[in-house]
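Novice: Here you go, one structure.
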Amino acid sequence: LDDPGLDMTAGEEFLQEVFQILLEEGVRKSTDVTQKVCDWKEPQELRELLDLELRSDGEGRERLLQRCRDVLRLSVHTGHPRFFNQLFSGLDHHALAGRFLTETLNTSPYTYEVAPVLVLMEEQVLAKLRELVGWSSGDGIFAPGGSMSNMLAMNVARFQRFPESRSRGNWDLPRLALFASQESHYSILKGAALLGIGTDNVHLVRTDERGKMIPEELEKEIQRVKSEGSEPLFVCATSGTTVLGAFDPLDAIADICAHHGLWLHVDAAWGGSALLSPKLRHLLAGIHRADSVTWNPHKLLMVGLQCSAFLLRDSSVGAPHPEFLPLGCLPRPPSLILGVSCPSQGLLQRCHGVGATYLFQRDKFYDVSLDTGDKSPQCGRRADGLKLWILWKAVGTRGLAWRVERAFAATRYLLEQVKRREGFQLVMEPEFLNLCFWLIPPSLWGQDSSPEFWDKLGKVAPAIKEKMIRKGSMMVAYQPHGSHVNFFRQIITNPAVTRQDLDFFLDEIQELGWDL
């Protein structure tokens with residue numbers, strides 16, 4: 001114990017070499033359009049190549065460096081200009097620097113004392129996001145993904161209506177009813193299961209032909225549920241659905257929620273970044289009337305996984321939950337002998353906080369309102385605001401808006417090309433960045449009246465995707481949807497994508513599928 005148990009010099013030398021590998025293999029090559037998007041291997045071959053077994057003795061530096069190279073070489077290059085598979089893509093160097101800083105600091109922003117810089121950054125970023133929503137005050141917290149942000153909304157909505165649910169659970173509550181559109185994210189169902197509300201109590205509201213919630217159908221569902229003895233609680237509207245990119249009519253939905261006294265949450269995980277653009281923010285007209293919002297900058301803003309903000313309009317304060325009292329927090333003025341009184345708390349902290357005395361001592365020497373960790377159900381939590389703050393500082397609000405508008409322009413260019421090309425057929429005109437289409441190979445031309453046509457067409461996209469992945473040329477998503485058989489869903493978020501890449505995309509789809 002007289003000497004350190006780590007060889008710091010050797011560790012730094014190892015890191016320097018790893019950084020060179022990251023720069024060359026992870027940044028340059030993985031974003032180089034002349035390289036493959038992926039080097040596909042079957043699972044058993046990949047297991048053997050990686051040598052995954054963990055042994056009793058460690059390995060030398062050269063072997064470890066090769067393993068680092070292998071991880072990068074054999075993984076999917078999501079920063080590649082021809083990766084269109086998810087709602088995230090691309091690599092931003094400033095945001096990546098923020099991610100390096102976050103990992104190096106290795107701290108959790110639950111208290112100001114262990115993460116002073118990160119707590120203040122998170123406070124500023126959340127305030128800016130709320131301002132873009134249209135709120136001058138409120139609260140918020142970063143969560144590990146949009147699914148968890150949506151679940152936080154459900155939990156806070158239940159607590160706000162039934163504060164006793166926090167301590168007594170669902171036993172004494174009426175049968176609660178949640179509403180979301182048929183196009184809503186699956187996290188609403190998962191959240192109902194996780195919170196004990198039950199998936200049977202999630203009522204999926206009909207959408208129109210473009211995937212937007214129909215307000216009149218929401219009103220009908222609310223009335224039906226009331227007549228059956230359930231208590232409506234929560235409505236989730238979606239701004240940017242996963243497959244079709246639809247934006248629900250927020251003002252009309254907000255009117256219904258106001259009439260019935262329901263919590264309105266807007267899942268803007270995908271579409272929220274349109275708020276940055278003066279040209280596109282009309283897509284989310286009425287979002288300022290929401291009670292809460294989910295927004296994932298790791299998608300369209302290319303911040304890097306993960307970065308999801310849960311934003312809350314409520315700025316009310318109230319007495320702490322009674323559970324705080326046995327933890328050394330007293331409901332009376334401070335006493336030098338008995339302890340320290342608890343200040344009033346915001347809705348998020350009243351809902352989730354328990355005041356653990358080994359973290360959230362009330363007698364600290366600084367402003368303990370900056371100990372924000374008790375607002376979250378998590379204890380350890382990544383500082384996901386840092387990379388967004390660095391990116392924002394680098395390009396500014398105008399730069400972020402430009403990215404959104406460039407992605408929109410790229411989608412419009414691709415749309416026009418799809419319309420012009422023989423064999424390509426739109427599922428529908430895109431409202432946002434989700435371009436959905438089929439490739440109809442010549443073997444199926446003129447057969448659309450045949451009962452076998454759609455079954456055969458549904459096999460085209462999976463066959464093309466297998467070819468492109470095995471070739472490593474690009475990657476794009478496909479899915480069935482409602483009555484529609486498998487179609488491609490092309491998403492552009494990466495500003496490195498050029499017109500040449502988009503032309504290649506359509507050429508490659510056509511080449512791989514023409515003979516099917």
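In the structure tokens, each chain is lettered A, B, ... as it comes, each chain's residues begin at 1, and ligands are numbered from 1 in order of appearance.
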Mind checking which residues fall within 8 Å of Val156 (chain A), counting only C-alpha atoms, ignoring those fewer than 4 positions away in the same chain, and posting them as an NGL selection string?

Specialist: :A and (152 or 160 or 347-348 or 351)

Novice: Could those residues be written to a file, using all heavy atoms, as a PDB file, in the first residue's frame?

Specialist:
```
ATOM      1  N   LEU A 152     -41.340   9.004 -17.220  1.00  0.00           N
ATOM      2  CA  LEU A 152     -41.319  10.029 -16.173  1.00  0.00           C
ATOM      3  C   LEU A 152     -42.579  10.893 -16.269  1.00  0.00           C
ATOM      4  O   LEU A 152     -43.173  11.248 -15.242  1.00  0.00           O
ATOM      5  CB  LEU A 152     -40.080  10.913 -16.318  1.00  0.00           C
ATOM      6  CG  LEU A 152     -38.725  10.289 -15.994  1.00  0.00           C
ATOM      7  CD1 LEU A 152     -37.613  11.317 -16.183  1.00  0.00           C
ATOM      8  CD2 LEU A 152     -38.686   9.747 -14.574  1.00  0.00           C
ATOM      9  N   GLN A 160     -49.203  14.037  -9.653  1.00  0.00           N
ATOM     10  CA  GLN A 160     -49.829  15.355  -9.572  1.00  0.00           C
ATOM     11  C   GLN A 160     -51.323  15.244  -9.273  1.00  0.00           C
ATOM     12  O   GLN A 160     -51.873  16.018  -8.506  1.00  0.00           O
ATOM     13  CB  GLN A 160     -49.586  16.103 -10.893  1.00  0.00           C
ATOM     14  CG  GLN A 160     -49.899  17.586 -10.842  1.00  0.00           C
ATOM     15  CD  GLN A 160     -51.297  17.895 -11.336  1.00  0.00           C
ATOM     16  OE1 GLN A 160     -51.979  17.032 -11.892  1.00  0.00           O
ATOM     17  NE2 GLN A 160     -51.739  19.123 -11.111  1.00  0.00           N
ATOM     18  N   LEU A 347     -42.403  20.022  -8.401  1.00  0.00           N
ATOM     19  CA  LEU A 347     -43.201  18.821  -8.633  1.00  0.00           C
ATOM     20  C   LEU A 347     -42.328  17.590  -8.890  1.00  0.00           C
ATOM     21  O   LEU A 347     -42.613  16.506  -8.379  1.00  0.00           O
ATOM     22  CB  LEU A 347     -44.146  19.056  -9.821  1.00  0.00           C
ATOM     23  CG  LEU A 347     -45.073  17.904 -10.211  1.00  0.00           C
ATOM     24  CD1 LEU A 347     -45.976  17.504  -9.057  1.00  0.00           C
ATOM     25  CD2 LEU A 347     -45.899  18.288 -11.440  1.00  0.00           C
ATOM     26  N   LEU A 348     -41.269  17.738  -9.683  1.00  0.00           N
ATOM     27  CA  LEU A 348     -40.396  16.591  -9.987  1.00  0.00           C
ATOM     28  C   LEU A 348     -39.792  16.007  -8.715  1.00  0.00           C
ATOM     29  O   LEU A 348     -39.745  14.790  -8.538  1.00  0.00           O
ATOM     30  CB  LEU A 348     -39.282  17.035 -10.925  1.00  0.00           C
ATOM     31  CG  LEU A 348     -39.392  16.696 -12.404  1.00  0.00           C
ATOM     32  CD1 LEU A 348     -38.162  17.183 -13.155  1.00  0.00           C
ATOM     33  CD2 LEU A 348     -39.571  15.207 -12.612  1.00  0.00           C
ATOM     34  N   CYS A 351     -42.312  14.322  -6.466  1.00  0.00           N
ATOM     35  CA  CYS A 351     -42.720  13.029  -7.020  1.00  0.00           C
ATOM     36  C   CYS A 351     -41.673  11.956  -6.785  1.00  0.00           C
ATOM     37  O   CYS A 351     -42.009  10.831  -6.400  1.00  0.00           O
ATOM     38  CB  CYS A 351     -42.994  13.188  -8.517  1.00  0.00           C
ATOM     39  SG  CYS A 351     -43.476  11.664  -9.342  1.00  0.00           S
TER      40      CYS A 351
END
```

Novice: Got a sec to tell me which of region 114-331 of chain A DSSP assigns to strand (DSSP E), as a PyMOL selection string?

Specialist: chain A and resi 139-143+176-181+202-205+231-238+263-267+292-295+308-312+317-318+329-330

Novice: Rounded to one decimal in Å, what is the spacing between CA of Pro116 (chain A) and CA of Val303 (chain A)?

Specialist: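 If I compute the distance from CA of Pro116 (chain A) to CA of Val303 (chain A), I get 21.8 Å.
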
Novice: Considering only C-alpha atoms, can you say which of A:Leu218, A:Ile469, A:Ile464, A:Leu457 comes closest to Leu506 (chain A)?

Specialist: A:Ile464

Novice: Within 7 Å of Leu435 (chain A), counting only C-alpha atoms, which residues qualify if same-chain residues fewer than 2 places away don't, as an mmCIF file with C-alpha atoms, in the first residue's frame?

Specialist:
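Just written: out30.cif:
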```cif
data_model
loop_
_atom_site.group_PDB
_atom_site.id
_atom_site.type_symbol
_atom_site.label_atom_id
_atom_site.label_comp_id
_atom_site.auth_asym_id
_atom_site.auth_seq_id
_atom_site.Cartn_x
_atom_site.Cartn_y
_atom_site.Cartn_z
ATOM 1 C CA PRO A 430 -43.581 13.044 -46.145
ATOM 2 C CA LEU A 433 -37.848 13.628 -42.642
ATOM 3 C CA PHE A 437 -41.412 4.115 -50.268
ATOM 4 C CA ARG A 489 -38.106 4.306 -44.311
ATOM 5 C CA GLN A 490 -35.247 6.595 -45.224
ATOM 6 C CA ILE A 491 -34.033 9.111 -42.640
#
```

Novice: Which is closest to Ile253 (chain A) among A:Thr357, A:Ser227, A:Glu217, A:Gly272, if we use only C-alpha atoms?

Specialist: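 Answer, going by the shortest atom-to-atom distance: A:Glu217.
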
Novice: What lies within 6 Å of Leu204 (chain A) using only C-alpha atoms, ignoring chain neighbours under 2 positions off, as a list in words?

Specialist: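 Skipping anything fewer than 2 positions along the chain leaves Phe179, Ala180, Ser181 and Gln182 of chain A.
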
Novice: With distances taken over only C-alpha atoms, which residue among A:Leu96, A:Leu65, A:Ile256, A:Val404 lies nearest Arg281 (chain A)?

Specialist: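 Using only C-alpha atoms, the shortest distance to Arg281 (chain A) belongs to A:Val404.
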
Novice: Just the residues within 9 Å of Trp295 (chain A), please, counting only C-alpha atoms, with nothing from its chain fewer than 2 positions along; format it as a list in words.

Specialist: Leu129, Gly146, Ser149, Val266, Asp267, Ala268, Ala269, Trp270, Gly271, Gly272, Ser273, Val293, Pro297, His298, Cys307, Ser308, Ala309, Phe310 and Leu311 of chain A

Novice: If you measure from CA of Leu74 (chain A) to CA of Pro495 (chain A), what distance in Å do you get, rounded to one decimal?

Specialist: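 Value for the CA of Leu74 (chain A)-CA of Pro495 (chain A) distance: 24.3 Å.
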
Novice: Using only C-alpha atoms, can you tell me which of A:His288, A:His352, A:Arg382, A:Lys459 comes closest to Arg130 (chain A)?

Specialist: A:His288

Novice: Please indicate the distance in Å from CA of Leu275 (chain A) to CA of Leu233 (chain A), rounded to one decimal place.

Specialist: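 About the pair CA of Leu275 (chain A) and CA of Leu233 (chain A): they are 27.0 Å apart.
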
Novice: For Gly240 (chain A), which of A:Leu15, A:Met213, A:Ala95, A:Val225 is the closest residue, counting only C-alpha atoms?

Specialist: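 Ranking A:Leu15, A:Met213, A:Ala95, A:Val225 by distance to Gly240 (chain A), first place goes to A:Met213.
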
Novice: List the neighbours of region 135-140 of chain A out to 12 Å using only C-alpha atoms; skip same-chain residues closer than 2 positions along the sequence, and give me the result as a PDB file with N, CA, C and O atoms, in the first residue's frame.

Specialist:
```
ATOM      1  N   GLU A 122     -26.226  21.589 -17.125  1.00  0.00           N
ATOM      2  CA  GLU A 122     -27.525  20.948 -17.306  1.00  0.00           C
ATOM      3  C   GLU A 122     -28.646  21.942 -17.050  1.00  0.00           C
ATOM      4  O   GLU A 122     -29.624  21.985 -17.796  1.00  0.00           O
ATOM      5  N   GLU A 123     -28.494  22.755 -16.022  1.00  0.00           N
ATOM      6  CA  GLU A 123     -29.494  23.767 -15.691  1.00  0.00           C
ATOM      7  C   GLU A 123     -29.703  24.723 -16.874  1.00  0.00           C
ATOM      8  O   GLU A 123     -30.831  25.036 -17.246  1.00  0.00           O
ATOM      9  N   GLN A 124     -28.600  25.160 -17.490  1.00  0.00           N
ATOM     10  CA  GLN A 124     -28.684  26.109 -18.597  1.00  0.00           C
ATOM     11  C   GLN A 124     -29.290  25.476 -19.836  1.00  0.00           C
ATOM     12  O   GLN A 124     -30.137  26.080 -20.515  1.00  0.00           O
ATOM     13  N   VAL A 125     -28.847  24.269 -20.173  1.00  0.00           N
ATOM     14  CA  VAL A 125     -29.352  23.600 -21.380  1.00  0.00           C
ATOM     15  C   VAL A 125     -30.848  23.324 -21.253  1.00  0.00           C
ATOM     16  O   VAL A 125     -31.619  23.554 -22.195  1.00  0.00           O
ATOM     17  N   LEU A 126     -31.289  22.830 -20.098  1.00  0.00           N
ATOM     18  CA  LEU A 126     -32.710  22.552 -19.904  1.00  0.00           C
ATOM     19  C   LEU A 126     -33.543  23.829 -20.001  1.00  0.00           C
ATOM     20  O   LEU A 126     -34.641  23.828 -20.566  1.00  0.00           O
ATOM     21  N   ALA A 127     -33.014  24.922 -19.450  1.00  0.00           N
ATOM     22  CA  ALA A 127     -33.731  26.202 -19.535  1.00  0.00           C
ATOM     23  C   ALA A 127     -33.866  26.646 -20.986  1.00  0.00           C
ATOM     24  O   ALA A 127     -34.919  27.166 -21.400  1.00  0.00           O
ATOM     25  N   LYS A 128     -32.820  26.438 -21.796  1.00  0.00           N
ATOM     26  CA  LYS A 128     -32.866  26.834 -23.201  1.00  0.00           C
ATOM     27  C   LYS A 128     -33.868  25.981 -23.975  1.00  0.00           C
ATOM     28  O   LYS A 128     -34.613  26.498 -24.820  1.00  0.00           O
ATOM     29  N   LEU A 129     -33.895  24.686 -23.687  1.00  0.00           N
ATOM     30  CA  LEU A 129     -34.863  23.814 -24.360  1.00  0.00           C
ATOM     31  C   LEU A 129     -36.294  24.217 -23.984  1.00  0.00           C
ATOM     32  O   LEU A 129     -37.185  24.242 -24.836  1.00  0.00           O
ATOM     33  N   ARG A 130     -36.520  24.525 -22.708  1.00  0.00           N
ATOM     34  CA  ARG A 130     -37.863  24.967 -22.290  1.00  0.00           C
ATOM     35  C   ARG A 130     -38.240  26.269 -22.990  1.00  0.00           C
ATOM     36  O   ARG A 130     -39.392  26.464 -23.389  1.00  0.00           O
ATOM     37  N   GLU A 131     -37.281  27.158 -23.139  1.00  0.00           N
ATOM     38  CA  GLU A 131     -37.545  28.425 -23.828  1.00  0.00           C
ATOM     39  C   GLU A 131     -37.987  28.175 -25.267  1.00  0.00           C
ATOM     40  O   GLU A 131     -38.913  28.836 -25.769  1.00  0.00           O
ATOM     41  N   LEU A 132     -37.370  27.225 -25.937  1.00  0.00           N
ATOM     42  CA  LEU A 132     -37.748  26.905 -27.310  1.00  0.00           C
ATOM     43  C   LEU A 132     -39.141  26.288 -27.379  1.00  0.00           C
ATOM     44  O   LEU A 132     -39.869  26.481 -28.360  1.00  0.00           O
ATOM     45  N   VAL A 133     -39.519  25.563 -26.331  1.00  0.00           N
ATOM     46  CA  VAL A 133     -40.884  25.022 -26.266  1.00  0.00           C
ATOM     47  C   VAL A 133     -41.887  26.157 -26.108  1.00  0.00           C
ATOM     48  O   VAL A 133     -43.017  26.072 -26.604  1.00  0.00           O
ATOM     49  N   PHE A 142     -32.414  15.339 -17.435  1.00  0.00           N
ATOM     50  CA  PHE A 142     -32.015  14.442 -18.513  1.00  0.00           C
ATOM     51  C   PHE A 142     -32.253  13.003 -18.082  1.00  0.00           C
ATOM     52  O   PHE A 142     -31.983  12.635 -16.938  1.00  0.00           O
ATOM     53  N   ALA A 143     -32.765  12.214 -19.007  1.00  0.00           N
ATOM     54  CA  ALA A 143     -33.110  10.818 -18.726  1.00  0.00           C
ATOM     55  C   ALA A 143     -32.393   9.910 -19.724  1.00  0.00           C
ATOM     56  O   ALA A 143     -31.969  10.361 -20.793  1.00  0.00           O
ATOM     57  N   SER A 149     -37.995   9.117 -20.569  1.00  0.00           N
ATOM     58  CA  SER A 149     -38.597  10.450 -20.439  1.00  0.00           C
ATOM     59  C   SER A 149     -40.116  10.368 -20.505  1.00  0.00           C
ATOM     60  O   SER A 149     -40.825  11.029 -19.737  1.00  0.00           O
ATOM     61  N   LEU A 152     -41.340   9.004 -17.220  1.00  0.00           N
ATOM     62  CA  LEU A 152     -41.319  10.029 -16.173  1.00  0.00           C
ATOM     63  C   LEU A 152     -42.579  10.893 -16.269  1.00  0.00           C
ATOM     64  O   LEU A 152     -43.173  11.248 -15.242  1.00  0.00           O
ATOM     65  N   ALA A 153     -42.982  11.223 -17.496  1.00  0.00           N
ATOM     66  CA  ALA A 153     -44.187  12.033 -17.676  1.00  0.00           C
ATOM     67  C   ALA A 153     -45.402  11.327 -17.095  1.00  0.00           C
ATOM     68  O   ALA A 153     -46.249  11.944 -16.420  1.00  0.00           O
ATOM     69  N   VAL A 156     -45.169  11.404 -13.201  1.00  0.00           N
ATOM     70  CA  VAL A 156     -45.424  12.734 -12.641  1.00  0.00           C
ATOM     71  C   VAL A 156     -46.901  13.102 -12.779  1.00  0.00           C
ATOM     72  O   VAL A 156     -47.495  13.694 -11.868  1.00  0.00           O
ATOM     73  N   GLY A 286     -48.659  24.824 -30.800  1.00  0.00           N
ATOM     74  CA  GLY A 286     -49.440  24.439 -29.628  1.00  0.00           C
ATOM     75  C   GLY A 286     -48.662  23.669 -28.591  1.00  0.00           C
ATOM     76  O   GLY A 286     -49.198  23.356 -27.516  1.00  0.00           O
ATOM     77  N   ILE A 287     -47.381  23.385 -28.834  1.00  0.00           N
ATOM     78  CA  ILE A 287     -46.625  22.570 -27.877  1.00  0.00           C
ATOM     79  C   ILE A 287     -46.459  23.298 -26.547  1.00  0.00           C
ATOM     80  O   ILE A 287     -46.310  22.660 -25.492  1.00  0.00           O
ATOM     81  N   HIS A 288     -46.513  24.621 -26.557  1.00  0.00           N
ATOM     82  CA  HIS A 288     -46.374  25.384 -25.314  1.00  0.00           C
ATOM     83  C   HIS A 288     -47.520  25.095 -24.340  1.00  0.00           C
ATOM     84  O   HIS A 288     -47.404  25.393 -23.149  1.00  0.00           O
ATOM     85  N   ARG A 289     -48.606  24.509 -24.831  1.00  0.00           N
ATOM     86  CA  ARG A 289     -49.749  24.204 -23.965  1.00  0.00           C
ATOM     87  C   ARG A 289     -49.598  22.849 -23.259  1.00  0.00           C
ATOM     88  O   ARG A 289     -50.433  22.492 -22.426  1.00  0.00           O
ATOM     89  N   ALA A 290     -48.554  22.110 -23.594  1.00  0.00           N
ATOM     90  CA  ALA A 290     -48.335  20.809 -22.966  1.00  0.00           C
ATOM     91  C   ALA A 290     -47.926  20.970 -21.516  1.00  0.00           C
ATOM     92  O   ALA A 290     -47.371  21.992 -21.106  1.00  0.00           O
ATOM     93  N   ASP A 291     -48.177  19.948 -20.721  1.00  0.00           N
ATOM     94  CA  ASP A 291     -47.691  19.904 -19.342  1.00  0.00           C
ATOM     95  C   ASP A 291     -46.260  19.400 -19.276  1.00  0.00           C
ATOM     96  O   ASP A 291     -45.509  19.766 -18.368  1.00  0.00           O
ATOM     97  N   SER A 292     -45.886  18.546 -20.228  1.00  0.00           N
ATOM     98  CA  SER A 292     -44.535  18.003 -20.258  1.00  0.00           C
ATOM     99  C   SER A 292     -44.169  17.633 -21.684  1.00  0.00           C
ATOM    100  O   SER A 292     -45.041  17.427 -22.533  1.00  0.00           O
ATOM    101  N   VAL A 293     -42.864  17.563 -21.932  1.00  0.00           N
ATOM    102  CA  VAL A 293     -42.353  17.288 -23.276  1.00  0.00           C
ATOM    103  C   VAL A 293     -41.136  16.378 -23.181  1.00  0.00           C
ATOM    104  O   VAL A 293     -40.296  16.548 -22.286  1.00  0.00           O
ATOM    105  N   THR A 294     -41.046  15.430 -24.102  1.00  0.00           N
ATOM    106  CA  THR A 294     -39.825  14.646 -24.312  1.00  0.00           C
ATOM    107  C   THR A 294     -39.137  15.153 -25.559  1.00  0.00           C
ATOM    108  O   THR A 294     -39.788  15.342 -26.592  1.00  0.00           O
ATOM    109  N   TRP A 295     -37.821  15.365 -25.475  1.00  0.00           N
ATOM    110  CA  TRP A 295     -37.053  15.869 -26.613  1.00  0.00           C
ATOM    111  C   TRP A 295     -35.702  15.168 -26.609  1.00  0.00           C
ATOM    112  O   TRP A 295     -34.972  15.227 -25.628  1.00  0.00           O
ATOM    113  N   SER A 308     -31.472  12.753 -23.860  1.00  0.00           N
ATOM    114  CA  SER A 308     -32.922  12.895 -23.864  1.00  0.00           C
ATOM    115  C   SER A 308     -33.351  13.785 -22.709  1.00  0.00           C
ATOM    116  O   SER A 308     -33.001  13.520 -21.552  1.00  0.00           O
ATOM    117  N   ALA A 309     -34.084  14.826 -23.030  1.00  0.00           N
ATOM    118  CA  ALA A 309     -34.543  15.767 -22.010  1.00  0.00           C
ATOM    119  C   ALA A 309     -36.020  15.549 -21.711  1.00  0.00           C
ATOM    120  O   ALA A 309     -36.841  15.455 -22.623  1.00  0.00           O
ATOM    121  N   PHE A 310     -36.328  15.451 -20.410  1.00  0.00           N
ATOM    122  CA  PHE A 310     -37.713  15.494 -19.953  1.00  0.00           C
ATOM    123  C   PHE A 310     -37.964  16.899 -19.445  1.00  0.00           C
ATOM    124  O   PHE A 310     -37.311  17.367 -18.498  1.00  0.00           O
ATOM    125  N   LEU A 311     -38.891  17.605 -20.071  1.00  0.00           N
ATOM    126  CA  LEU A 311     -39.166  19.000 -19.755  1.00  0.00           C
ATOM    127  C   LEU A 311     -40.547  19.127 -19.129  1.00  0.00           C
ATOM    128  O   LEU A 311     -41.504  18.507 -19.589  1.00  0.00           O
ATOM    129  N   LEU A 312     -40.635  19.950 -18.092  1.00  0.00           N
ATOM    130  CA  LEU A 312     -41.864  20.091 -17.306  1.00  0.00           C
ATOM    131  C   LEU A 312     -42.253  21.562 -17.242  1.00  0.00           C
ATOM    132  O   LEU A 312     -41.423  22.414 -16.914  1.00  0.00           O
ATOM    133  N   ARG A 313     -43.506  21.858 -17.545  1.00  0.00           N
ATOM    134  CA  ARG A 313     -43.987  23.250 -17.488  1.00  0.00           C
ATOM    135  C   ARG A 313     -44.235  23.700 -16.057  1.00  0.00           C
ATOM    136  O   ARG A 313     -44.073  24.875 -15.725  1.00  0.00           O
ATOM    137  N   ASP A 314     -44.650  22.794 -15.207  1.00  0.00           N
ATOM    138  CA  ASP A 314     -45.029  23.125 -13.833  1.00  0.00           C
ATOM    139  C   ASP A 314     -43.843  23.740 -13.076  1.00  0.00           C
ATOM    140  O   ASP A 314     -42.752  23.185 -13.040  1.00  0.00           O
ATOM    141  N   SER A 315     -44.071  24.881 -12.472  1.00  0.00           N
ATOM    142  CA  SER A 315     -43.040  25.528 -11.662  1.00  0.00           C
ATOM    143  C   SER A 315     -43.516  25.722 -10.229  1.00  0.00           C
ATOM    144  O   SER A 315     -42.948  26.504  -9.471  1.00  0.00           O
ATOM    145  N   SER A 316     -44.584  25.022  -9.858  1.00  0.00           N
ATOM    146  CA  SER A 316     -45.129  25.147  -8.511  1.00  0.00           C
ATOM    147  C   SER A 316     -44.164  24.555  -7.492  1.00  0.00           C
ATOM    148  O   SER A 316     -43.321  23.720  -7.807  1.00  0.00           O
ATOM    149  N   VAL A 317     -44.286  24.999  -6.278  1.00  0.00           N
ATOM    150  CA  VAL A 317     -43.520  24.428  -5.178  1.00  0.00           C
ATOM    151  C   VAL A 317     -44.490  24.015  -4.088  1.00  0.00           C
ATOM    152  O   VAL A 317     -45.600  24.545  -3.966  1.00  0.00           O
ATOM    153  N   GLN A 345     -40.420  22.211  -2.432  1.00  0.00           N
ATOM    154  CA  GLN A 345     -39.835  21.493  -3.557  1.00  0.00           C
ATOM    155  C   GLN A 345     -40.742  21.582  -4.776  1.00  0.00           C
ATOM    156  O   GLN A 345     -41.956  21.702  -4.665  1.00  0.00           O
ATOM    157  N   GLY A 346     -40.129  21.466  -5.969  1.00  0.00           N
ATOM    158  CA  GLY A 346     -40.877  21.425  -7.208  1.00  0.00           C
ATOM    159  C   GLY A 346     -41.549  20.081  -7.396  1.00  0.00           C
ATOM    160  O   GLY A 346     -41.295  19.117  -6.676  1.00  0.00           O
ATOM    161  N   LEU A 347     -42.403  20.022  -8.401  1.00  0.00           N
ATOM    162  CA  LEU A 347     -43.201  18.821  -8.633  1.00  0.00           C
ATOM    163  C   LEU A 347     -42.328  17.590  -8.890  1.00  0.00           C
ATOM    164  O   LEU A 347     -42.613  16.506  -8.379  1.00  0.00           O
ATOM    165  N   LEU A 348     -41.269  17.738  -9.683  1.00  0.00           N
ATOM    166  CA  LEU A 348     -40.396  16.591  -9.987  1.00  0.00           C
ATOM    167  C   LEU A 348     -39.792  16.007  -8.715  1.00  0.00           C
ATOM    168  O   LEU A 348     -39.745  14.790  -8.538  1.00  0.00           O
ATOM    169  N   GLN A 349     -39.322  16.888  -7.838  1.00  0.00           N
ATOM    170  CA  GLN A 349     -38.680  16.388  -6.621  1.00  0.00           C
ATOM    171  C   GLN A 349     -39.708  15.847  -5.634  1.00  0.00           C
ATOM    172  O   GLN A 349     -39.449  14.861  -4.948  1.00  0.00           O
ATOM    173  N   THR A 372     -29.656  18.452  -7.728  1.00  0.00           N
ATOM    174  CA  THR A 372     -30.861  18.148  -8.498  1.00  0.00           C
ATOM    175  C   THR A 372     -31.132  16.660  -8.672  1.00  0.00           C
ATOM    176  O   THR A 372     -32.148  16.283  -9.252  1.00  0.00           O
ATOM    177  N   GLY A 373     -30.231  15.811  -8.199  1.00  0.00           N
ATOM    178  CA  GLY A 373     -30.366  14.386  -8.472  1.00  0.00           C
ATOM    179  C   GLY A 373     -31.623  13.751  -7.931  1.00  0.00           C
ATOM    180  O   GLY A 373     -32.090  12.732  -8.460  1.00  0.00           O
ATOM    181  N   ASP A 374     -32.216  14.332  -6.875  1.00  0.00           N
ATOM    182  CA  ASP A 374     -33.404  13.740  -6.268  1.00  0.00           C
ATOM    183  C   ASP A 374     -34.656  13.946  -7.127  1.00  0.00           C
ATOM    184  O   ASP A 374     -35.714  13.402  -6.820  1.00  0.00           O
ATOM    185  N   LYS A 375     -34.528  14.712  -8.201  1.00  0.00           N
ATOM    186  CA  LYS A 375     -35.651  14.872  -9.126  1.00  0.00           C
ATOM    187  C   LYS A 375     -35.836  13.637  -9.997  1.00  0.00           C
ATOM    188  O   LYS A 375     -36.883  13.473 -10.639  1.00  0.00           O
ATOM    189  N   SER A 376     -34.820  12.810 -10.057  1.00  0.00           N
ATOM    190  CA  SER A 376     -34.826  11.654 -10.951  1.00  0.00           C
ATOM    191  C   SER A 376     -34.994  10.366 -10.169  1.00  0.00           C
ATOM    192  O   SER A 376     -34.525  10.262  -9.026  1.00  0.00           O
ATOM    193  N   GLY A 385     -25.965  16.428 -20.567  1.00  0.00           N
ATOM    194  CA  GLY A 385     -26.087  17.806 -21.033  1.00  0.00           C
ATOM    195  C   GLY A 385     -24.793  18.406 -21.535  1.00  0.00           C
ATOM    196  O   GLY A 385     -24.810  19.355 -22.321  1.00  0.00           O
TER     197      GLY A 385
END
```

Novice: So, counting only C-alpha atoms, which residue among A:Pro144, A:Ala394, A:Phe234, A:Leu178 is closest to His94 (chain A)?

Specialist: A:Ala394

Novice: If DSSP is run on the backbone, what residues of region 75-310 of chain A are helix (DSSP H, G or I)? A reply as a PyMOL selection string would be ideal.

Specialist: chain A and resi 93-105+116-133+146-161+165-168+187-194+199-201+215-227+250-260+272-276+281-284+287-289

Novice: Just want the 12 Å neighbourhood of region 415-417 of chain A, counted on only C-alpha atoms, with same-chain residues fewer than 3 positions away dropped. Output as a ChimeraX atom specification.

Specialist: /A:408-412,420-437,489-492,499,502-507

Novice: For region 226-335 of chain A against region 183-200 of chain A, with a cut-off of 8 Å and counting only C-alpha atoms, what is the closest atom pair and its distance in Å to one decimal for every residue that makes the cut, ordered by chain and number, as CSV?

Specialist:
```
residue,atom,partner,partner_atom,distance
A:Cys236,CA,A:Ser184,CA,7.8
A:Ala237,CA,A:Ser184,CA,7.6
A:Thr238,CA,A:Ser184,CA,6.3
A:Thr241,CA,A:Glu183,CA,6.3
A:Thr242,CA,A:His185,CA,7.0
```
